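See below for my_file.pdb, which holds PDB, C-alpha atoms.
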```
ATOM      1  CA  MET A  24      40.859  31.304  86.698  1.00  0.00           C
ATOM      2  CA  THR A  25      41.145  27.506  86.467  1.00  0.00           C
ATOM      3  CA  ALA A  26      43.579  26.060  88.977  1.00  0.00           C
ATOM      4  CA  ALA A  27      46.688  24.358  87.615  1.00  0.00           C
ATOM      5  CA  LEU A  28      46.680  22.132  90.702  1.00  0.00           C
ATOM      6  CA  ARG A  29      43.677  21.329  92.853  1.00  0.00           C
ATOM      7  CA  THR A  30      43.094  18.760  95.568  1.00  0.00           C
ATOM      8  CA  ALA A  31      39.878  18.050  97.475  1.00  0.00           C
ATOM      9  CA  GLY A  32      39.834  15.693 100.445  1.00  0.00           C
ATOM     10  CA  LEU A  33      43.127  14.211  99.251  1.00  0.00           C
ATOM     11  CA  SER A  34      44.675  11.395 101.257  1.00  0.00           C
ATOM     12  CA  ALA A  35      48.198  10.296 100.398  1.00  0.00           C
ATOM     13  CA  GLY A  36      50.922   8.128 101.820  1.00  0.00           C
ATOM     14  CA  TYR A  37      52.892   4.927 101.357  1.00  0.00           C
ATOM     15  CA  GLY A  38      51.331   1.531 100.860  1.00  0.00           C
ATOM     16  CA  GLU A  39      48.027   1.718 102.674  1.00  0.00           C
ATOM     17  CA  VAL A  40      49.290   4.119 105.361  1.00  0.00           C
ATOM     18  CA  ALA A  41      48.027   7.674 104.899  1.00  0.00           C
ATOM     19  CA  VAL A  42      50.392  10.495 105.841  1.00  0.00           C
ATOM     20  CA  VAL A  43      48.289  13.313 104.379  1.00  0.00           C
ATOM     21  CA  HIS A  44      44.594  13.525 105.276  1.00  0.00           C
ATOM     22  CA  ASP A  45      41.704  15.451 103.679  1.00  0.00           C
ATOM     23  CA  LEU A  46      43.930  17.992 101.939  1.00  0.00           C
ATOM     24  CA  ASP A  47      42.121  20.820 100.146  1.00  0.00           C
ATOM     25  CA  LEU A  48      44.601  22.918  98.186  1.00  0.00           C
ATOM     26  CA  GLU A  49      44.824  24.827  94.943  1.00  0.00           C
ATOM     27  CA  VAL A  50      47.472  26.649  92.942  1.00  0.00           C
ATOM     28  CA  ARG A  51      46.473  28.982  90.127  1.00  0.00           C
ATOM     29  CA  PRO A  52      48.538  30.158  87.149  1.00  0.00           C
ATOM     30  CA  GLY A  53      50.691  33.151  88.024  1.00  0.00           C
ATOM     31  CA  GLU A  54      50.841  32.582  91.772  1.00  0.00           C
ATOM     32  CA  ILE A  55      53.262  31.095  94.266  1.00  0.00           C
ATOM     33  CA  VAL A  56      51.750  28.955  97.005  1.00  0.00           C
ATOM     34  CA  ALA A  57      53.843  27.851  99.984  1.00  0.00           C
ATOM     35  CA  LEU A  58      53.276  24.490 101.660  1.00  0.00           C
ATOM     36  CA  MET A  59      54.870  24.688 105.105  1.00  0.00           C
ATOM     37  CA  GLY A  60      55.181  22.585 108.228  1.00  0.00           C
ATOM     38  CA  ALA A  61      57.628  20.807 110.486  1.00  0.00           C
ATOM     39  CA  ASN A  62      59.560  17.703 109.473  1.00  0.00           C
ATOM     40  CA  GLY A  63      57.181  14.787 109.039  1.00  0.00           C
ATOM     41  CA  ALA A  64      54.113  16.990 108.507  1.00  0.00           C
ATOM     42  CA  GLY A  65      53.423  15.439 105.085  1.00  0.00           C
ATOM     43  CA  LYS A  66      54.676  18.222 102.806  1.00  0.00           C
ATOM     44  CA  THR A  67      56.876  16.106 100.551  1.00  0.00           C
ATOM     45  CA  THR A  68      54.280  13.330 100.423  1.00  0.00           C
ATOM     46  CA  ALA A  69      51.682  15.827  99.168  1.00  0.00           C
ATOM     47  CA  LEU A  70      54.142  17.197  96.608  1.00  0.00           C
ATOM     48  CA  LEU A  71      55.116  13.774  95.248  1.00  0.00           C
ATOM     49  CA  THR A  72      51.471  12.789  94.978  1.00  0.00           C
ATOM     50  CA  ALA A  73      50.692  15.941  93.001  1.00  0.00           C
ATOM     51  CA  ALA A  74      53.673  15.205  90.757  1.00  0.00           C
ATOM     52  CA  GLY A  75      52.500  11.645  90.033  1.00  0.00           C
ATOM     53  CA  ALA A  76      55.350   9.874  91.823  1.00  0.00           C
ATOM     54  CA  LEU A  77      52.824   8.537  94.379  1.00  0.00           C
ATOM     55  CA  ARG A  78      49.254   7.413  93.784  1.00  0.00           C
ATOM     56  CA  PRO A  79      46.515   9.103  95.864  1.00  0.00           C
ATOM     57  CA  LEU A  80      44.915   6.942  98.538  1.00  0.00           C
ATOM     58  CA  GLY A  81      41.663   8.873  98.353  1.00  0.00           C
ATOM     59  CA  GLY A  82      40.012  12.147  97.438  1.00  0.00           C
ATOM     60  CA  ASP A  83      40.327  14.190  94.263  1.00  0.00           C
ATOM     61  CA  LEU A  84      43.444  15.444  92.487  1.00  0.00           C
ATOM     62  CA  GLU A  85      43.429  17.568  89.344  1.00  0.00           C
ATOM     63  CA  VAL A  86      46.700  18.510  87.645  1.00  0.00           C
ATOM     64  CA  LEU A  87      46.752  20.789  84.591  1.00  0.00           C
ATOM     65  CA  GLY A  88      43.174  19.979  83.738  1.00  0.00           C
ATOM     66  CA  ALA A  89      43.411  16.181  84.120  1.00  0.00           C
ATOM     67  CA  SER A  90      42.150  14.162  87.063  1.00  0.00           C
ATOM     68  CA  ASP A  91      43.299  10.615  86.267  1.00  0.00           C
ATOM     69  CA  PRO A  92      44.813   9.219  89.516  1.00  0.00           C
ATOM     70  CA  ARG A  93      46.788   6.660  87.469  1.00  0.00           C
ATOM     71  CA  GLU A  94      48.687   9.328  85.540  1.00  0.00           C
ATOM     72  CA  ASP A  95      52.380   9.192  86.428  1.00  0.00           C
ATOM     73  CA  LEU A  96      55.140  11.777  86.675  1.00  0.00           C
ATOM     74  CA  ARG A  97      56.331  11.283  83.093  1.00  0.00           C
ATOM     75  CA  ALA A  98      52.848  11.906  81.674  1.00  0.00           C
ATOM     76  CA  ARG A  99      52.379  15.032  83.797  1.00  0.00           C
ATOM     77  CA  ALA A 100      55.807  16.313  82.833  1.00  0.00           C
ATOM     78  CA  SER A 101      54.903  15.946  79.171  1.00  0.00           C
ATOM     79  CA  ARG A 102      51.911  18.219  79.806  1.00  0.00           C
ATOM     80  CA  GLY A 103      53.937  20.976  81.461  1.00  0.00           C
ATOM     81  CA  LEU A 104      54.706  19.925  85.040  1.00  0.00           C
ATOM     82  CA  ALA A 105      58.218  20.370  86.432  1.00  0.00           C
ATOM     83  CA  LEU A 106      59.470  18.822  89.678  1.00  0.00           C
ATOM     84  CA  LEU A 107      62.497  19.961  91.678  1.00  0.00           C
ATOM     85  CA  THR A 108      63.318  17.549  94.485  1.00  0.00           C
ATOM     86  CA  ASP A 109      65.340  18.298  97.608  1.00  0.00           C
ATOM     87  CA  ASP A 110      68.389  16.439  96.228  1.00  0.00           C
ATOM     88  CA  ARG A 111      69.122  19.264  93.719  1.00  0.00           C
ATOM     89  CA  SER A 112      67.686  17.429  90.656  1.00  0.00           C
ATOM     90  CA  VAL A 113      70.983  17.284  88.749  1.00  0.00           C
ATOM     91  CA  PHE A 114      72.942  14.458  87.145  1.00  0.00           C
ATOM     92  CA  ARG A 115      76.195  14.629  89.076  1.00  0.00           C
ATOM     93  CA  SER A 116      78.315  12.643  86.611  1.00  0.00           C
ATOM     94  CA  LEU A 117      77.344  14.928  83.711  1.00  0.00           C
ATOM     95  CA  THR A 118      78.745  18.393  83.093  1.00  0.00           C
ATOM     96  CA  THR A 119      76.727  21.534  83.643  1.00  0.00           C
ATOM     97  CA  ARG A 120      76.386  21.868  79.866  1.00  0.00           C
ATOM     98  CA  GLU A 121      75.114  18.314  79.503  1.00  0.00           C
ATOM     99  CA  ASN A 122      72.628  18.822  82.332  1.00  0.00           C
ATOM    100  CA  LEU A 123      71.256  21.928  80.635  1.00  0.00           C
ATOM    101  CA  ARG A 124      71.001  20.155  77.279  1.00  0.00           C
ATOM    102  CA  LEU A 125      68.801  17.519  78.910  1.00  0.00           C
ATOM    103  CA  GLY A 126      66.211  20.205  79.627  1.00  0.00           C
ATOM    104  CA  ARG A 127      63.283  20.943  77.373  1.00  0.00           C
ATOM    105  CA  GLY A 128      64.205  24.584  76.803  1.00  0.00           C
ATOM    106  CA  PRO A 129      67.101  26.573  75.320  1.00  0.00           C
ATOM    107  CA  MET A 130      70.288  26.611  77.386  1.00  0.00           C
ATOM    108  CA  ASP A 131      70.571  30.372  76.835  1.00  0.00           C
ATOM    109  CA  LEU A 132      67.461  30.970  78.948  1.00  0.00           C
ATOM    110  CA  ALA A 133      68.978  29.100  81.886  1.00  0.00           C
ATOM    111  CA  LEU A 134      72.228  31.045  81.567  1.00  0.00           C
ATOM    112  CA  ALA A 135      70.312  34.324  81.388  1.00  0.00           C
ATOM    113  CA  ALA A 136      68.694  33.510  84.736  1.00  0.00           C
ATOM    114  CA  PHE A 137      71.961  32.354  86.345  1.00  0.00           C
ATOM    115  CA  PRO A 138      74.919  33.759  84.369  1.00  0.00           C
ATOM    116  CA  GLU A 139      77.440  32.362  86.870  1.00  0.00           C
ATOM    117  CA  LEU A 140      76.759  28.913  85.391  1.00  0.00           C
ATOM    118  CA  GLU A 141      78.479  29.884  82.133  1.00  0.00           C
ATOM    119  CA  ARG A 142      81.987  29.545  83.574  1.00  0.00           C
ATOM    120  CA  LEU A 143      80.971  26.143  84.974  1.00  0.00           C
ATOM    121  CA  LEU A 144      79.627  24.636  81.738  1.00  0.00           C
ATOM    122  CA  ASP A 145      82.389  22.037  81.419  1.00  0.00           C
ATOM    123  CA  ARG A 146      82.548  21.149  85.118  1.00  0.00           C
ATOM    124  CA  PRO A 147      80.829  17.954  86.364  1.00  0.00           C
ATOM    125  CA  ALA A 148      77.682  18.872  88.260  1.00  0.00           C
ATOM    126  CA  GLY A 149      78.854  16.764  91.201  1.00  0.00           C
ATOM    127  CA  LEU A 150      81.713  19.215  91.726  1.00  0.00           C
ATOM    128  CA  LEU A 151      79.474  22.276  91.947  1.00  0.00           C
ATOM    129  CA  SER A 152      78.546  23.823  95.283  1.00  0.00           C
ATOM    130  CA  GLY A 153      75.083  23.211  96.690  1.00  0.00           C
ATOM    131  CA  GLY A 154      73.924  26.642  95.558  1.00  0.00           C
ATOM    132  CA  GLU A 155      75.334  26.145  92.055  1.00  0.00           C
ATOM    133  CA  GLN A 156      73.625  22.768  91.787  1.00  0.00           C
ATOM    134  CA  GLN A 157      70.317  24.306  92.813  1.00  0.00           C
ATOM    135  CA  MET A 158      70.783  27.096  90.240  1.00  0.00           C
ATOM    136  CA  LEU A 159      71.515  24.445  87.618  1.00  0.00           C
ATOM    137  CA  GLY A 160      68.391  22.450  88.430  1.00  0.00           C
ATOM    138  CA  LEU A 161      66.181  25.514  88.597  1.00  0.00           C
ATOM    139  CA  GLY A 162      67.774  27.048  85.492  1.00  0.00           C
ATOM    140  CA  ARG A 163      66.959  23.926  83.496  1.00  0.00           C
ATOM    141  CA  VAL A 164      63.368  24.162  84.708  1.00  0.00           C
ATOM    142  CA  LEU A 165      63.101  27.882  83.912  1.00  0.00           C
ATOM    143  CA  ALA A 166      64.287  27.275  80.363  1.00  0.00           C
ATOM    144  CA  SER A 167      61.525  24.707  79.816  1.00  0.00           C
ATOM    145  CA  ARG A 168      58.855  27.300  80.730  1.00  0.00           C
ATOM    146  CA  PRO A 169      56.635  24.902  82.681  1.00  0.00           C
ATOM    147  CA  LYS A 170      52.962  25.474  83.388  1.00  0.00           C
ATOM    148  CA  LEU A 171      53.287  24.085  86.923  1.00  0.00           C
ATOM    149  CA  LEU A 172      56.408  23.942  89.111  1.00  0.00           C
ATOM    150  CA  LEU A 173      56.562  21.791  92.239  1.00  0.00           C
ATOM    151  CA  ALA A 174      59.717  22.501  94.273  1.00  0.00           C
ATOM    152  CA  ASP A 175      60.792  20.765  97.475  1.00  0.00           C
ATOM    153  CA  GLU A 176      63.034  22.696  99.906  1.00  0.00           C
ATOM    154  CA  LEU A 177      64.818  25.060  97.517  1.00  0.00           C
ATOM    155  CA  SER A 178      66.575  26.632 100.498  1.00  0.00           C
ATOM    156  CA  LEU A 179      67.918  23.399 102.015  1.00  0.00           C
ATOM    157  CA  GLY A 180      71.485  23.921 103.215  1.00  0.00           C
ATOM    158  CA  LEU A 181      71.993  27.153 101.274  1.00  0.00           C
ATOM    159  CA  ALA A 182      73.108  30.625 102.327  1.00  0.00           C
ATOM    160  CA  PRO A 183      70.306  33.239 102.488  1.00  0.00           C
ATOM    161  CA  ILE A 184      71.826  35.287  99.628  1.00  0.00           C
ATOM    162  CA  VAL A 185      71.597  32.252  97.322  1.00  0.00           C
ATOM    163  CA  VAL A 186      68.053  31.464  98.452  1.00  0.00           C
ATOM    164  CA  HIS A 187      66.960  35.024  97.655  1.00  0.00           C
ATOM    165  CA  ARG A 188      68.356  34.604  94.115  1.00  0.00           C
ATOM    166  CA  LEU A 189      66.472  31.351  93.642  1.00  0.00           C
ATOM    167  CA  LEU A 190      63.203  32.728  94.980  1.00  0.00           C
ATOM    168  CA  ALA A 191      63.511  35.842  92.822  1.00  0.00           C
ATOM    169  CA  ALA A 192      63.853  33.591  89.764  1.00  0.00           C
ATOM    170  CA  VAL A 193      60.778  31.612  90.849  1.00  0.00           C
ATOM    171  CA  ARG A 194      58.859  34.880  91.285  1.00  0.00           C
ATOM    172  CA  GLU A 195      59.727  35.835  87.684  1.00  0.00           C
ATOM    173  CA  LEU A 196      58.559  32.425  86.497  1.00  0.00           C
ATOM    174  CA  ALA A 197      55.215  32.927  88.233  1.00  0.00           C
ATOM    175  CA  ALA A 198      54.932  36.425  86.744  1.00  0.00           C
ATOM    176  CA  ALA A 199      55.160  34.758  83.320  1.00  0.00           C
ATOM    177  CA  GLY A 200      52.094  32.650  84.161  1.00  0.00           C
ATOM    178  CA  CYS A 201      53.493  29.513  85.792  1.00  0.00           C
ATOM    179  CA  ALA A 202      51.727  28.078  88.847  1.00  0.00           C
ATOM    180  CA  VAL A 203      54.234  27.351  91.625  1.00  0.00           C
ATOM    181  CA  LEU A 204      53.955  25.192  94.740  1.00  0.00           C
ATOM    182  CA  LEU A 205      56.918  25.572  97.089  1.00  0.00           C
ATOM    183  CA  VAL A 206      57.447  23.145  99.956  1.00  0.00           C
ATOM    184  CA  GLU A 207      59.512  24.963 102.570  1.00  0.00           C
ATOM    185  CA  GLN A 208      60.490  24.994 106.219  1.00  0.00           C
ATOM    186  CA  GLN A 209      62.076  28.454 106.021  1.00  0.00           C
ATOM    187  CA  VAL A 210      58.868  30.355 106.771  1.00  0.00           C
ATOM    188  CA  ARG A 211      60.203  33.896 106.686  1.00  0.00           C
ATOM    189  CA  LEU A 212      61.971  33.452 103.368  1.00  0.00           C
ATOM    190  CA  VAL A 213      59.123  31.781 101.526  1.00  0.00           C
ATOM    191  CA  LEU A 214      56.436  34.145 102.825  1.00  0.00           C
ATOM    192  CA  ASP A 215      58.364  37.050 101.311  1.00  0.00           C
ATOM    193  CA  VAL A 216      57.430  35.751  97.840  1.00  0.00           C
ATOM    194  CA  ALA A 217      54.321  33.593  98.406  1.00  0.00           C
ATOM    195  CA  ASP A 218      50.890  34.820  97.391  1.00  0.00           C
ATOM    196  CA  ARG A 219      49.197  32.235  99.592  1.00  0.00           C
ATOM    197  CA  GLY A 220      50.194  29.449 101.921  1.00  0.00           C
ATOM    198  CA  TYR A 221      49.110  26.339 103.782  1.00  0.00           C
ATOM    199  CA  VAL A 222      50.609  24.962 106.987  1.00  0.00           C
ATOM    200  CA  LEU A 223      50.439  21.215 107.530  1.00  0.00           C
ATOM    201  CA  GLN A 224      50.412  19.685 110.986  1.00  0.00           C
ATOM    202  CA  ARG A 225      50.424  15.887 111.246  1.00  0.00           C
ATOM    203  CA  GLY A 226      49.198  15.624 107.664  1.00  0.00           C
ATOM    204  CA  ARG A 227      46.304  18.069 107.963  1.00  0.00           C
ATOM    205  CA  VAL A 228      45.940  21.750 107.154  1.00  0.00           C
ATOM    206  CA  ALA A 229      46.327  23.693 110.400  1.00  0.00           C
ATOM    207  CA  LEU A 230      46.511  27.199 108.881  1.00  0.00           C
ATOM    208  CA  ALA A 231      45.836  28.722 105.479  1.00  0.00           C
ATOM    209  CA  GLY A 232      45.722  32.236 104.102  1.00  0.00           C
ATOM    210  CA  THR A 233      47.365  34.823 101.925  1.00  0.00           C
ATOM    211  CA  GLY A 234      51.050  35.510 102.338  1.00  0.00           C
ATOM    212  CA  GLU A 235      50.216  38.761 104.096  1.00  0.00           C
ATOM    213  CA  GLU A 236      47.764  37.071 106.481  1.00  0.00           C
ATOM    214  CA  LEU A 237      50.290  34.408 107.398  1.00  0.00           C
ATOM    215  CA  ARG A 238      53.014  37.008 107.931  1.00  0.00           C
ATOM    216  CA  ARG A 239      50.709  38.878 110.320  1.00  0.00           C
ATOM    217  CA  ASN A 240      49.845  35.623 112.108  1.00  0.00           C
ATOM    218  CA  ARG A 241      53.427  34.422 112.420  1.00  0.00           C
ATOM    219  CA  ALA A 242      52.910  33.672 116.116  1.00  0.00           C
ATOM    220  CA  ASP A 243      50.153  31.160 115.278  1.00  0.00           C
ATOM    221  CA  LEU A 244      52.286  29.751 112.494  1.00  0.00           C
ATOM    222  CA  GLU A 245      55.274  29.263 114.782  1.00  0.00           C
ATOM    223  CA  ARG A 246      53.044  27.636 117.415  1.00  0.00           C
ATOM    224  CA  SER A 247      51.975  25.053 114.823  1.00  0.00           C
ATOM    225  CA  TYR A 248      55.648  24.107 114.421  1.00  0.00           C
ATOM    226  CA  LEU A 249      56.349  24.231 118.163  1.00  0.00           C
ATOM    227  CA  SER A 250      53.431  21.980 119.096  1.00  0.00           C
ATOM    228  CA  VAL A 251      54.872  19.210 116.924  1.00  0.00           C
ATOM    229  CA  THR A 252      58.258  19.562 118.624  1.00  0.00           C
ATOM    230  CA  VAL A 253      56.699  19.473 122.085  1.00  0.00           C
ATOM    231  CA  GLU A 254      54.735  16.332 121.264  1.00  0.00           C
ATOM    232  CA  LYS A 255      57.870  14.591 119.998  1.00  0.00           C
ATOM    233  CA  GLU A 256      59.726  15.507 123.187  1.00  0.00           C
ATOM    234  CA  LYS A 257      56.896  14.054 125.274  1.00  0.00           C
ATOM    235  CA  ASP A 258      57.093  10.832 123.294  1.00  0.00           C
TER     236      ASP A 258
END
```
Write out the structure in this file as structure tokens.
Amino acid sequence: MTAALRTAGLSAGYGEVAVVHDLDLEVRPGEIVALMGANGAGKTTALLTAAGALRPLGGDLEVLGASDPREDLRARASRGLALLTDDRSVFRSLTTRENLRLGRGPMDLALAAFPELERLLDRPAGLLSGGEQQMLGLGRVLASRPKLLLADELSLGLAPIVVHRLLAAVRELAAAGCAVLLVEQQVRLVLDVADRGYVLQRGRVALAGTGEELRRNRADLERSYLSVTVEKEKD
């Protein structure tokens, strides 16, 4: 099956400074791939480069069948890419209803995924809780039926019960054929739904495998996080 997202030897960063080095990664339709690592490992940089918000510094990047490094986020979104950032991806001054209407898909599909949003339709998104905002952003994405979803820290600041709801919705999206790349620090939560995963350490892949393999090798995975912390303490 052709990958919806594929990188080979990808370098990415800001200006001329590379944060991600020689990244080989792929996400196929119908699967969830987790991109994990400690703060500063390069996860968000890799995600934004795949989305088209950052230009690659080197290597190959193919997104939904196209490999033009100049293609931006808007062009990729028009071809079926959806991006959820770690700031909830909602317009806070607009109501829940208005946010949903800005999506590419029917509002009813978003409400079917998260029915609790219905009573909040006329409330400004800025007044919703963090979990409600994340449901709103993800619901709008689900309704658009994307071919590729890139999500950054879905679990950030949320209670586990809310995170499980969000991840269950993402799992259903993947079951419908969407390719999903999840950037996460919450290893245990994301590995419960991920088919495969990569662990970044200082911008390079330190571990990779199926979700089951990474669950079995959790000690190695945790050491990859710990080594970064130890190095920072030494500095």
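Here CA of Val203 in chain A is placed at a distance of 6.9 Å from CA of Val50 in chain A.
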Next item on the list: Do a neighbour search on Arg99 in chain A at 12 Å with all atoms listed in the file, toss out local chain neighbours closer than 6 positions, and write the hits as a VMD selection string.
Entry: chain A and resid 27 to 28 71 to 76 85 to 93 105 to 106 169 to 173
Item checked: Long-range neighbours of Ala35 in chain A as a VMD selection string, 10 Å cut-off, only C-alpha atoms, 3 positions minimum in chain -> chain A and resid 32 38 to 46 65 68 to 73 77 to 82 226
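By all atoms listed in the file, and with residues fewer than 5 positions from Gln209 in chain A along its chain excluded, the set lying at most 12 Å from it is Ala57, Leu58, Met59, Gly60, Ala61, Asn62, Asp175, Glu176, Leu177, Ser178, Leu179, Gly180, Leu181, Ala182, Pro183, Val186, His187, Leu190, Leu214, Asp215, Val216, Leu244, Glu245 and Tyr248 of chain A.
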Note to self: Residue by residue, what does the PyMOL selection byres ((chain A and resi 201) around 6) grab here? Present the result as a ChimeraX atom specification.
What the structure shows: /A:52-53,170-171,196-197,200,202
Could you turn the residues from that selection into a file that holds C-alpha atoms, as a CSV table (one decimal), keeping the file's coordinate frame?
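The resulting again_22.csv:
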```
chain,number,residue,atom,x,y,z
A,52,PRO,CA,48.5,30.2,87.1
A,53,GLY,CA,50.7,33.2,88.0
A,170,LYS,CA,53.0,25.5,83.4
A,171,LEU,CA,53.3,24.1,86.9
A,196,LEU,CA,58.6,32.4,86.5
A,197,ALA,CA,55.2,32.9,88.2
A,200,GLY,CA,52.1,32.6,84.2
A,202,ALA,CA,51.7,28.1,88.8
```
Check: From the list A:Leu159, A:Leu96, A:Leu189, A:Ile55, which residue is nearest Arg124 in chain A when using all atoms listed in the file?
Finding: A:Leu159
Next item on the list: With all atoms listed in the file counted, which protein, DNA or RNA residues have an atom no more than 7 Å from (48.5, 31.1, 104.3) in the file frame? Please answer as a PyMOL selection string.
Entry: chain A and resi 219-221+230-234+236-237
Checklist line | Chain and number of each residue from the PyMOL selection byres ((chain A and resi 141) around 12), as a PyMOL selection string | finding: chain A and resi 118-120+123+130-140+142-146+155+158-159+162
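Using all atoms listed in the file for every distance, the candidate list A:Gln224, A:Thr30, A:Thr108, A:Ser167 yields A:Thr108 as the residue closest to Thr67 in chain A.
CA of Ala242 in chain A is found 25.7 Å from CA of Ala191 in chain A.
Distance annotation: of A:Val113, A:Ala229, A:Ala174, A:Leu84, the residue with the minimal separation from Val206 in chain A is A:Ala174; atom set is all atoms listed in the file.
Shortest atom-to-atom contact with Asp109 in chain A among A:Lys66, A:Arg246, A:Arg163, A:Arg194: A:Lys66, counting all atoms listed in the file.
Picture a line from CA of Gly153 in chain A to CA of Pro129 in chain A; it runs 23.1 Å.
Restricting the calculation to all atoms listed in the file, the smallest distance between Leu151 in chain A and any of A:Arg115, A:Val185, A:Asp218, A:Glu121 is found for A:Arg115.
Compared by their closest atoms to Arg168 in chain A, and using all atoms listed in the file, the residues A:Arg29, A:Arg239, A:Arg102, A:Arg97 rank with A:Arg102 nearest.
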Output: range 196-211 of chain A of the preceding structure, restricted to N, CA and C atoms, written as a PDB file, in the first residue's frame.
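Result file is result.pdb:
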```pdb
ATOM      1  N   LEU A 196     -11.341   6.949  12.891  1.00  0.00           N
ATOM      2  CA  LEU A 196     -10.957   7.649  11.663  1.00  0.00           C
ATOM      3  C   LEU A 196      -9.971   6.811  10.861  1.00  0.00           C
ATOM      4  N   ALA A 197      -8.994   6.224  11.546  1.00  0.00           N
ATOM      5  CA  ALA A 197      -8.029   5.363  10.856  1.00  0.00           C
ATOM      6  C   ALA A 197      -8.711   4.132  10.271  1.00  0.00           C
ATOM      7  N   ALA A 198      -9.679   3.574  10.999  1.00  0.00           N
ATOM      8  CA  ALA A 198     -10.400   2.398  10.506  1.00  0.00           C
ATOM      9  C   ALA A 198     -11.143   2.710   9.209  1.00  0.00           C
ATOM     10  N   ALA A 199     -11.486   3.989   9.014  1.00  0.00           N
ATOM     11  CA  ALA A 199     -12.164   4.401   7.780  1.00  0.00           C
ATOM     12  C   ALA A 199     -11.187   4.671   6.646  1.00  0.00           C
ATOM     13  N   GLY A 200      -9.878   4.497   6.906  1.00  0.00           N
ATOM     14  CA  GLY A 200      -8.884   4.624   5.844  1.00  0.00           C
ATOM     15  C   GLY A 200      -7.944   5.801   5.947  1.00  0.00           C
ATOM     16  N   CYS A 201      -8.112   6.649   6.956  1.00  0.00           N
ATOM     17  CA  CYS A 201      -7.224   7.800   7.115  1.00  0.00           C
ATOM     18  C   CYS A 201      -5.870   7.353   7.668  1.00  0.00           C
ATOM     19  N   ALA A 202      -4.809   7.981   7.206  1.00  0.00           N
ATOM     20  CA  ALA A 202      -3.474   7.780   7.781  1.00  0.00           C
ATOM     21  C   ALA A 202      -3.286   8.808   8.887  1.00  0.00           C
ATOM     22  N   VAL A 203      -2.804   8.369  10.051  1.00  0.00           N
ATOM     23  CA  VAL A 203      -2.714   9.260  11.211  1.00  0.00           C
ATOM     24  C   VAL A 203      -1.304   9.237  11.784  1.00  0.00           C
ATOM     25  N   LEU A 204      -0.746  10.433  11.985  1.00  0.00           N
ATOM     26  CA  LEU A 204       0.522  10.580  12.701  1.00  0.00           C
ATOM     27  C   LEU A 204       0.245  11.374  13.958  1.00  0.00           C
ATOM     28  N   LEU A 205       0.481  10.752  15.111  1.00  0.00           N
ATOM     29  CA  LEU A 205       0.242  11.381  16.406  1.00  0.00           C
ATOM     30  C   LEU A 205       1.568  11.697  17.080  1.00  0.00           C
ATOM     31  N   VAL A 206       1.812  12.961  17.358  1.00  0.00           N
ATOM     32  CA  VAL A 206       2.953  13.358  18.176  1.00  0.00           C
ATOM     33  C   VAL A 206       2.495  13.341  19.622  1.00  0.00           C
ATOM     34  N   GLU A 207       3.194  12.602  20.470  1.00  0.00           N
ATOM     35  CA  GLU A 207       2.757  12.445  21.854  1.00  0.00           C
ATOM     36  C   GLU A 207       3.936  12.244  22.800  1.00  0.00           C
ATOM     37  N   GLN A 208       3.763  12.743  24.029  1.00  0.00           N
ATOM     38  CA  GLN A 208       4.679  12.412  25.106  1.00  0.00           C
ATOM     39  C   GLN A 208       4.101  11.339  26.024  1.00  0.00           C
ATOM     40  N   GLN A 209       2.777  11.200  26.021  1.00  0.00           N
ATOM     41  CA  GLN A 209       2.121  10.217  26.885  1.00  0.00           C
ATOM     42  C   GLN A 209       2.239   8.828  26.245  1.00  0.00           C
ATOM     43  N   VAL A 210       3.343   8.162  26.508  1.00  0.00           N
ATOM     44  CA  VAL A 210       3.687   6.918  25.821  1.00  0.00           C
ATOM     45  C   VAL A 210       2.634   5.838  26.029  1.00  0.00           C
ATOM     46  N   ARG A 211       2.237   5.618  27.261  1.00  0.00           N
ATOM     47  CA  ARG A 211       1.318   4.517  27.537  1.00  0.00           C
ATOM     48  C   ARG A 211      -0.017   4.711  26.843  1.00  0.00           C
TER      49      ARG A 211
END
```
